[in-house]
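For reference, the structure is listed below as structure tokens.
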Amino acid sequence: MSDRPASDRVRVRRQPTRGRYELADVYEVLDRSRFAHVAFVHEEQPFCVPMLQARIDARVYVHGSSASRALRALAEGIPACLTVTTLHGLVLARSAFEHSANYESAMVLGSFRRVDDESERLAAFEAFTNKLIPGRWDEVRPPNAKELKATSILGMEIAEASVKARTGPPSDDDSADADEIATWAGVVPFEASFGAAVPSPGLRPGIDLAESVRLLLDSESA
Ligand SMILES: Cc1cc2nc3c(=O)[nH]c(=O)nc-3n(C[C@H](O)[C@H](O)[C@H](O)COP(=O)(O)OP(=O)(O)OC[C@H]3O[C@@H](n4cnc5c(N)ncnc54)[C@H](O)[C@@H]3O)c2cc1C
């Protein structure tokens, strides 16, 4: 993929300067978001299901119970759309019309295929675990044969994709509204953060906080 859309379907039409098509940009936006919404049509009904997602190279993975209706439908290779979105800030203008949001999102079109190869399945499992919290895979028991059997892992090639992002102040700084209206305008940044870790009620006494959690919380406060 280049700086041009891979197809007309993924060409950003409104505010085209906010669109990007480089694979590296798509990867970055996918990697910064822990979950996605996966849309598909099943028995003529559109669904849009929130799911965790993880990327390895040029493939994005979703997983879940082998009994899940969504995963079973997607495994058939039907057309699908995976979207991630991160809100960065509220954009407050003088007029209601110019209000907006700073954000980044990525959209990948394609179809999923079931992953049967055991090493790819394990690699995806590891990617999901470390996506939730980096370093966690090395701290936990890996999935056993029964757990692997109960889990469906699907992968989609990232070939037809776009990124759209908005940054910056409201668009009416140079307008008559900015001269005439005495209403505060600007950006209120939005920052998601993790709070203090709460031990599980069943956690045996004397077990220290996991290194992965300590590093995550340290990185938040840095
Ligand atoms: C942040 C997040 C991450 C998730 N990660 C995963 C994941 O990695 N893997 C996974 O399998 N599931 C995940 N889920 C749950 C997922 O959204 C579905 O609930 C789940 O896949 C159940 O699918 P199903 O095929 O059994 O449900 P379906 O049989 O498809 O659902 C039947 C009906 O239940 C309702 N429903 C199902 N899910 C939701 C929902 N999330 N919110 C509201 N109504 C719903 C809808 O009305 C739907 O038509 C996640 C949810 C969230 C919010």
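Going by the structure tokens order, chains are called A, B, ..., each with residues numbered from 1, while ligands are numbered from 1 in the order shown.
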
Near-ligand residues for ligand 1, threshold 8 Å, only C-alpha atoms and all ligand atoms, as a list in words: Arg34, Phe35, Ala36, Phe47, Val49, Pro50, Met51, Leu52, Gln53, Val62, His63, Gly64, Ser65, Ala67, Ser68, Arg69, Ala70, Leu71 and Arg72 of chain A

Selection to disk with all heavy atoms, as a compact mmCIF listing (two decimals), in the first residue's frame:
# COMPACT_ATOMS: atom_id res chain seq x y z
N ARG A 34 -6.67 -1.04 21.67
CA ARG A 34 -6.77 -2.42 22.16
C ARG A 34 -7.94 -3.16 21.53
O ARG A 34 -7.91 -4.37 21.43
CB ARG A 34 -6.90 -2.43 23.68
CG ARG A 34 -5.58 -2.16 24.38
CD ARG A 34 -5.74 -2.18 25.87
NE ARG A 34 -4.45 -2.17 26.55
CZ ARG A 34 -3.70 -1.09 26.73
NH1 ARG A 34 -4.10 0.07 26.27
NH2 ARG A 34 -2.54 -1.17 27.37
N PHE A 35 -8.99 -2.46 21.18
CA PHE A 35 -10.14 -3.17 20.64
C PHE A 35 -10.62 -2.55 19.33
O PHE A 35 -10.15 -1.49 18.92
CB PHE A 35 -11.28 -3.25 21.67
CG PHE A 35 -11.93 -1.93 21.96
CD1 PHE A 35 -13.03 -1.52 21.23
CD2 PHE A 35 -11.44 -1.10 22.95
CE1 PHE A 35 -13.63 -0.30 21.48
CE2 PHE A 35 -12.05 0.11 23.21
CZ PHE A 35 -13.14 0.51 22.47
N ALA A 36 -11.52 -3.26 18.67
CA ALA A 36 -12.03 -2.84 17.38
C ALA A 36 -13.53 -3.10 17.34
O ALA A 36 -14.08 -3.80 18.20
CB ALA A 36 -11.35 -3.64 16.27
N PHE A 47 -24.39 -6.41 11.59
CA PHE A 47 -23.97 -6.41 13.00
C PHE A 47 -22.64 -5.67 13.08
O PHE A 47 -21.87 -5.64 12.11
CB PHE A 47 -23.77 -7.84 13.53
CG PHE A 47 -25.06 -8.60 13.68
CD1 PHE A 47 -25.51 -9.41 12.65
CD2 PHE A 47 -25.82 -8.50 14.83
CE1 PHE A 47 -26.71 -10.10 12.75
CE2 PHE A 47 -27.02 -9.19 14.95
CZ PHE A 47 -27.46 -9.99 13.91
N VAL A 49 -19.68 -5.66 15.99
CA VAL A 49 -19.39 -6.30 17.27
C VAL A 49 -18.05 -5.79 17.82
O VAL A 49 -17.03 -5.88 17.13
CB VAL A 49 -19.31 -7.83 17.09
CG1 VAL A 49 -19.08 -8.53 18.42
CG2 VAL A 49 -20.58 -8.35 16.44
N PRO A 50 -18.05 -5.28 19.05
CA PRO A 50 -16.76 -4.90 19.66
C PRO A 50 -15.96 -6.14 20.03
O PRO A 50 -16.51 -7.09 20.58
CB PRO A 50 -17.18 -4.11 20.92
CG PRO A 50 -18.56 -4.56 21.23
CD PRO A 50 -19.19 -5.02 19.96
N MET A 51 -14.70 -6.11 19.70
CA MET A 51 -13.81 -7.26 19.98
C MET A 51 -12.40 -6.75 20.22
O MET A 51 -12.02 -5.70 19.69
CB MET A 51 -13.73 -8.19 18.76
CG MET A 51 -14.94 -9.02 18.54
SD MET A 51 -14.61 -10.11 17.14
CE MET A 51 -16.16 -10.97 17.10
N LEU A 52 -11.62 -7.53 20.94
CA LEU A 52 -10.20 -7.25 21.03
C LEU A 52 -9.58 -7.53 19.66
O LEU A 52 -10.08 -8.37 18.91
CB LEU A 52 -9.54 -8.13 22.08
CG LEU A 52 -10.09 -8.01 23.50
CD1 LEU A 52 -9.41 -8.99 24.42
CD2 LEU A 52 -9.92 -6.58 24.01
N GLN A 53 -8.52 -6.81 19.36
CA GLN A 53 -7.82 -7.09 18.10
C GLN A 53 -6.32 -7.00 18.35
O GLN A 53 -5.87 -6.28 19.25
CB GLN A 53 -8.25 -6.10 17.01
CG GLN A 53 -8.07 -4.62 17.34
CD GLN A 53 -6.71 -4.05 16.99
OE1 GLN A 53 -5.97 -4.62 16.21
NE2 GLN A 53 -6.37 -2.90 17.59
N VAL A 62 -8.73 -11.44 15.29
CA VAL A 62 -9.75 -11.39 16.35
C VAL A 62 -9.90 -12.82 16.87
O VAL A 62 -9.54 -13.78 16.18
CB VAL A 62 -11.11 -10.84 15.85
CG1 VAL A 62 -10.99 -9.40 15.40
CG2 VAL A 62 -11.66 -11.71 14.72
N HIS A 63 -10.41 -12.93 18.07
CA HIS A 63 -10.59 -14.28 18.62
C HIS A 63 -11.77 -14.29 19.58
O HIS A 63 -12.27 -13.25 20.02
CB HIS A 63 -9.33 -14.80 19.28
CG HIS A 63 -9.04 -14.23 20.65
ND1 HIS A 63 -9.36 -12.94 21.03
CD2 HIS A 63 -8.45 -14.79 21.73
CE1 HIS A 63 -8.98 -12.74 22.27
NE2 HIS A 63 -8.44 -13.85 22.74
N GLY A 64 -12.21 -15.50 19.90
CA GLY A 64 -13.33 -15.65 20.82
C GLY A 64 -13.75 -17.10 20.88
O GLY A 64 -13.07 -17.99 20.34
N SER A 65 -14.88 -17.31 21.54
CA SER A 65 -15.37 -18.67 21.68
C SER A 65 -15.68 -19.28 20.31
O SER A 65 -16.24 -18.61 19.43
CB SER A 65 -16.65 -18.65 22.53
OG SER A 65 -17.36 -19.85 22.33
N ALA A 67 -17.95 -21.08 19.79
CA ALA A 67 -19.41 -21.11 19.67
C ALA A 67 -19.99 -19.74 19.30
O ALA A 67 -21.19 -19.63 19.06
CB ALA A 67 -20.01 -21.58 21.00
N SER A 68 -19.16 -18.72 19.24
CA SER A 68 -19.68 -17.37 18.98
C SER A 68 -20.28 -17.28 17.59
O SER A 68 -19.66 -17.65 16.59
CB SER A 68 -18.53 -16.37 19.12
OG SER A 68 -18.82 -15.20 18.39
N ARG A 69 -21.48 -16.72 17.55
CA ARG A 69 -22.15 -16.55 16.27
C ARG A 69 -21.32 -15.66 15.35
O ARG A 69 -21.15 -15.95 14.16
CB ARG A 69 -23.54 -15.93 16.51
CG ARG A 69 -24.45 -15.90 15.32
CD ARG A 69 -24.52 -14.56 14.60
NE ARG A 69 -24.77 -13.43 15.47
CZ ARG A 69 -25.97 -12.91 15.70
NH1 ARG A 69 -27.03 -13.46 15.18
NH2 ARG A 69 -26.10 -11.84 16.46
N ALA A 70 -20.78 -14.57 15.90
CA ALA A 70 -20.01 -13.62 15.09
C ALA A 70 -18.78 -14.31 14.48
O ALA A 70 -18.51 -14.18 13.28
CB ALA A 70 -19.59 -12.43 15.95
N LEU A 71 -18.07 -15.05 15.32
CA LEU A 71 -16.84 -15.69 14.81
C LEU A 71 -17.15 -16.77 13.80
O LEU A 71 -16.43 -16.95 12.82
CB LEU A 71 -16.01 -16.22 15.99
CG LEU A 71 -15.33 -15.07 16.76
CD1 LEU A 71 -14.94 -15.49 18.15
CD2 LEU A 71 -14.11 -14.58 16.00
N ARG A 72 -18.24 -17.50 14.04
CA ARG A 72 -18.60 -18.56 13.08
C ARG A 72 -18.99 -17.94 11.74
O ARG A 72 -18.62 -18.43 10.67
CB ARG A 72 -19.73 -19.42 13.64
CG ARG A 72 -19.18 -20.56 14.53
CD ARG A 72 -20.27 -21.52 14.93
NE ARG A 72 -21.22 -20.84 15.79
CZ ARG A 72 -22.51 -21.10 15.85
NH1 ARG A 72 -23.02 -22.02 15.08
NH2 ARG A 72 -23.30 -20.44 16.66

Closest pair table for segment 121-186 of chain A residues within 10 Å of segment 9-20 of chain A, only C-alpha atoms, as a tab-separated table:
residue	atom	partner	partner_atom	distance
A:Glu160	CA	A:Val10	CA	6.8
A:Ala161	CA	A:Val10	CA	6.1
A:Ser162	CA	A:Val10	CA	5.9
A:Val163	CA	A:Arg20	CA	5.0
A:Lys164	CA	A:Gly19	CA	4.5
A:Ala165	CA	A:Arg18	CA	5.4
A:Arg166	CA	A:Arg18	CA	6.3
A:Thr167	CA	A:Arg18	CA	8.9

Take the residues just selected and output them with C-alpha atoms as an mmCIF file, in the first residue's frame.
data_model
loop_
_atom_site.group_PDB
_atom_site.id
_atom_site.type_symbol
_atom_site.label_atom_id
_atom_site.label_comp_id
_atom_site.auth_asym_id
_atom_site.auth_seq_id
_atom_site.Cartn_x
_atom_site.Cartn_y
_atom_site.Cartn_z
ATOM 1 C CA GLU A 160 -7.407 -2.405 1.731
ATOM 2 C CA ALA A 161 -7.311 0.107 4.545
ATOM 3 C CA SER A 162 -7.379 3.758 5.473
ATOM 4 C CA VAL A 163 -6.530 6.003 8.390
ATOM 5 C CA LYS A 164 -8.376 9.196 9.155
ATOM 6 C CA ALA A 165 -7.204 11.611 11.804
ATOM 7 C CA ARG A 166 -8.120 15.112 12.920
ATOM 8 C CA THR A 167 -5.763 17.287 14.906
#

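With distances restricted to only C-alpha atoms, A:Thr83 is the closest residue to Ala39 of chain A from A:Ser100, A:Thr83, A:Ser193, A:Thr183.
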
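Picture a line from atom CA of Glu104 of chain A to atom CA of Arg214 of chain A; it runs 27.6 Å.
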
Shell of 12 Å around Gly195 of chain A, only C-alpha atoms, local chain residues under 2 positions omitted, as a PyMOL selection string: chain A and resi 192-193+197-198+213-214+216-218+220-221

Could you take the residues named above and write them with N, CA and C atoms, as a tab-separated table (two decimals), in the first residue's frame?
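The result, written out as out-v4.tsv:
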chain	number	residue	atom	x	y	z
A	192	ALA	N	-7.08	8.84	28.23
A	192	ALA	CA	-7.51	7.66	29.00
A	192	ALA	C	-6.32	7.19	29.85
A	193	SER	N	-6.60	6.78	31.07
A	193	SER	CA	-5.49	6.31	31.91
A	193	SER	C	-5.98	5.18	32.81
A	197	ALA	N	-4.11	-0.67	40.61
A	197	ALA	CA	-4.51	-2.07	40.38
A	197	ALA	C	-5.24	-2.63	41.60
A	198	VAL	N	-6.32	-3.35	41.37
A	198	VAL	CA	-7.12	-3.94	42.45
A	198	VAL	C	-6.89	-5.45	42.46
A	213	VAL	N	2.18	-5.15	35.15
A	213	VAL	CA	1.27	-4.12	35.66
A	213	VAL	C	2.08	-2.94	36.21
A	214	ARG	N	3.17	-3.28	36.92
A	214	ARG	CA	4.00	-2.21	37.48
A	214	ARG	C	4.54	-1.33	36.35
A	216	LEU	N	3.29	-0.93	33.38
A	216	LEU	CA	2.19	-0.17	32.76
A	216	LEU	C	1.87	1.07	33.58
A	217	LEU	N	1.76	0.88	34.90
A	217	LEU	CA	1.38	2.01	35.75
A	217	LEU	C	2.52	3.03	35.82
A	218	ASP	N	3.78	2.52	35.84
A	218	ASP	CA	4.93	3.44	35.84
A	218	ASP	C	4.94	4.28	34.56
A	220	GLU	N	2.49	5.18	32.85
A	220	GLU	CA	1.40	6.17	32.90
A	220	GLU	C	1.83	7.40	33.67
A	221	SER	N	2.57	7.16	34.78
A	221	SER	CA	2.91	8.29	35.64
A	221	SER	C	4.17	9.01	35.17

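In terms of minimum interatomic distance to Gly77 of chain A, A:Met156 ranks closest within A:Met156, A:Met107, A:Leu148, A:Ala6, counting only C-alpha atoms.
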
Residue contacts of Glu147 of chain A (12 Å, only C-alpha atoms) excluding same-chain residues fewer than 5 positions away, as a list of chain:residue names: A:Gly64, A:Ser65, A:Ser66, A:Arg121, A:Leu122, A:Phe125, A:Arg141, A:Pro142, A:Ser152, A:Ile153

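Comparing the minimum interatomic distances between Thr129 of chain A and each of A:Ala176, A:Ala73, A:Ala54, A:Leu215, counting only C-alpha atoms, we find that A:Ala54 sits nearest.
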
For Tyr103 of chain A: contacts at 12 Å, only C-alpha atoms, fewer than 4 positions along chain excluded, given as a ChimeraX atom specification: /A:18,29,33,84-91,163-168,187,189-191

Save out the residues we just selected, C-alpha atoms, as a PDB file, in the first residue's frame.
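So selection07.pdb came out as:
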ATOM      1  CA  ARG A  18      -7.134  13.810   6.865  1.00  0.00           C
ATOM      2  CA  VAL A  29      -3.318   3.249  14.600  1.00  0.00           C
ATOM      3  CA  SER A  33      -6.083   0.637  20.013  1.00  0.00           C
ATOM      4  CA  VAL A  84     -10.609   1.153  15.511  1.00  0.00           C
ATOM      5  CA  THR A  85     -11.125   4.632  16.921  1.00  0.00           C
ATOM      6  CA  THR A  86      -9.297   6.648  19.546  1.00  0.00           C
ATOM      7  CA  LEU A  87     -10.654   9.959  20.797  1.00  0.00           C
ATOM      8  CA  HIS A  88      -7.940  12.555  21.440  1.00  0.00           C
ATOM      9  CA  GLY A  89      -9.905  15.651  22.340  1.00  0.00           C
ATOM     10  CA  LEU A  90     -13.035  17.738  22.195  1.00  0.00           C
ATOM     11  CA  VAL A  91     -12.880  20.548  19.660  1.00  0.00           C
ATOM     12  CA  VAL A 163      -6.530   6.003   8.390  1.00  0.00           C
ATOM     13  CA  LYS A 164      -8.376   9.196   9.155  1.00  0.00           C
ATOM     14  CA  ALA A 165      -7.204  11.611  11.804  1.00  0.00           C
ATOM     15  CA  ARG A 166      -8.120  15.112  12.920  1.00  0.00           C
ATOM     16  CA  THR A 167      -5.763  17.287  14.906  1.00  0.00           C
ATOM     17  CA  GLY A 168      -5.639  20.937  15.856  1.00  0.00           C
ATOM     18  CA  VAL A 187      -9.459  21.931  22.510  1.00  0.00           C
ATOM     19  CA  PRO A 189      -7.605  16.930  25.351  1.00  0.00           C
ATOM     20  CA  PHE A 190      -8.928  13.515  26.249  1.00  0.00           C
ATOM     21  CA  GLU A 191      -6.496  11.158  27.947  1.00  0.00           C
TER      22      GLU A 191
END

Would you kindly return, as a PDB file with N, CA, C and O atoms, in the first residue's frame, each protein, DNA or RNA residue with an atom no farther than 6 Å from any atom of Arg113 of chain A, considering only C-alpha atoms and excluding same-chain residues fewer than 3 positions away?
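Output file part.pdb is given in full below:
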ATOM      1  N   ALA A  75     -15.863 -16.551  10.027  1.00  0.00           N
ATOM      2  CA  ALA A  75     -14.961 -17.616   9.568  1.00  0.00           C
ATOM      3  C   ALA A  75     -15.352 -18.137   8.190  1.00  0.00           C
ATOM      4  O   ALA A  75     -14.550 -18.785   7.516  1.00  0.00           O
ATOM      5  N   GLY A  77     -15.717 -16.350   5.754  1.00  0.00           N
ATOM      6  CA  GLY A  77     -15.062 -15.513   4.754  1.00  0.00           C
ATOM      7  C   GLY A  77     -15.970 -14.454   4.148  1.00  0.00           C
ATOM      8  O   GLY A  77     -15.677 -13.932   3.067  1.00  0.00           O
ATOM      9  N   LEU A 154      -9.308 -15.788  14.105  1.00  0.00           N
ATOM     10  CA  LEU A 154      -9.492 -15.415  12.710  1.00  0.00           C
ATOM     11  C   LEU A 154      -8.501 -14.316  12.341  1.00  0.00           C
ATOM     12  O   LEU A 154      -8.236 -13.421  13.155  1.00  0.00           O
ATOM     13  N   GLY A 155      -7.992 -14.382  11.129  1.00  0.00           N
ATOM     14  CA  GLY A 155      -7.047 -13.357  10.680  1.00  0.00           C
ATOM     15  C   GLY A 155      -7.508 -12.725   9.380  1.00  0.00           C
ATOM     16  O   GLY A 155      -8.103 -13.394   8.534  1.00  0.00           O
TER      17      GLY A 155
END

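Shortest atom-to-atom contact with Glu28 of chain A among A:Ala58, A:Pro170, A:Ser7, A:Ser175: A:Ala58, counting only C-alpha atoms.
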
Residue set, chain A restricted to helix (DSSP H, G or I), as a VMD selection string: chain A and resid 8 to 10 16 to 18 23 to 32 69 to 75 118 to 132 136 to 139 145 to 149 176 to 180 211 to 221

Å distance separating atom CA of Asn144 of chain A from atom CA of Asp57 of chain A, one decimal place: 25.1 Å

Proximity to Glu43 of chain A - best of A:Ile78, A:Ala124, A:Asp173, A:Asp208, only C-alpha atoms: A:Ile78

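Restricting the calculation to only C-alpha atoms, the smallest distance between Leu23 of chain A and any of A:Pro5, A:Pro169, A:Pro79, A:Gly110 is found for A:Pro5.
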
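One distance worth recording is that between atom CA of Pro143 of chain A and atom CA of Ala123 of chain A, which is 11.4 Å.
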
Distance query Arg55 of chain A at most 8 Å, only C-alpha atoms, self and fewer than 4 positions along chain excluded, as a PDB file with N, CA and C atoms, in the first residue's frame:
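The resulting file, part24.pdb, is shown below:
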ATOM      1  N   TYR A  27      -0.928   0.428  10.560  1.00  0.00           N
ATOM      2  CA  TYR A  27      -0.417  -0.431  11.639  1.00  0.00           C
ATOM      3  C   TYR A  27      -0.360   0.347  12.956  1.00  0.00           C
ATOM      4  N   LEU A  30      -3.819   0.872  14.418  1.00  0.00           N
ATOM      5  CA  LEU A  30      -4.335  -0.411  14.939  1.00  0.00           C
ATOM      6  C   LEU A  30      -3.623  -0.776  16.246  1.00  0.00           C
ATOM      7  N   ASP A  31      -2.319  -0.591  16.264  1.00  0.00           N
ATOM      8  CA  ASP A  31      -1.537  -1.022  17.431  1.00  0.00           C
ATOM      9  C   ASP A  31      -1.837  -0.173  18.670  1.00  0.00           C
ATOM     10  N   ARG A  59      -1.315  -8.738   9.128  1.00  0.00           N
ATOM     11  CA  ARG A  59      -2.569  -9.438   9.408  1.00  0.00           C
ATOM     12  C   ARG A  59      -3.128  -8.956  10.745  1.00  0.00           C
ATOM     13  N   VAL A  60      -4.432  -8.728  10.776  1.00  0.00           N
ATOM     14  CA  VAL A  60      -5.072  -8.360  12.042  1.00  0.00           C
ATOM     15  C   VAL A  60      -5.954  -9.532  12.475  1.00  0.00           C
ATOM     16  N   TYR A  61      -5.885  -9.834  13.777  1.00  0.00           N
ATOM     17  CA  TYR A  61      -6.564 -11.019  14.314  1.00  0.00           C
ATOM     18  C   TYR A  61      -7.676 -10.620  15.273  1.00  0.00           C
ATOM     19  N   ALA A 127      -0.046 -12.459  21.045  1.00  0.00           N
ATOM     20  CA  ALA A 127      -0.250 -11.059  20.652  1.00  0.00           C
ATOM     21  C   ALA A 127      -1.461 -10.458  21.370  1.00  0.00           C
TER      22      ALA A 127
END

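DSSP on the backbone gives strand (DSSP E or B) for these parts of segment 74-150 of chain A: Pro79, Ala80, Cys81, Leu82, Thr83, Val84, Thr85, Thr86, Leu87, His88, Gly89, Leu90, Val91, Leu92, Ser100, Ala101, Asn102, Tyr103, Glu104, Ser105, Ala106, Met107, Val108, Leu109, Gly110, Ser111, Arg113 and Arg114 of chain A.
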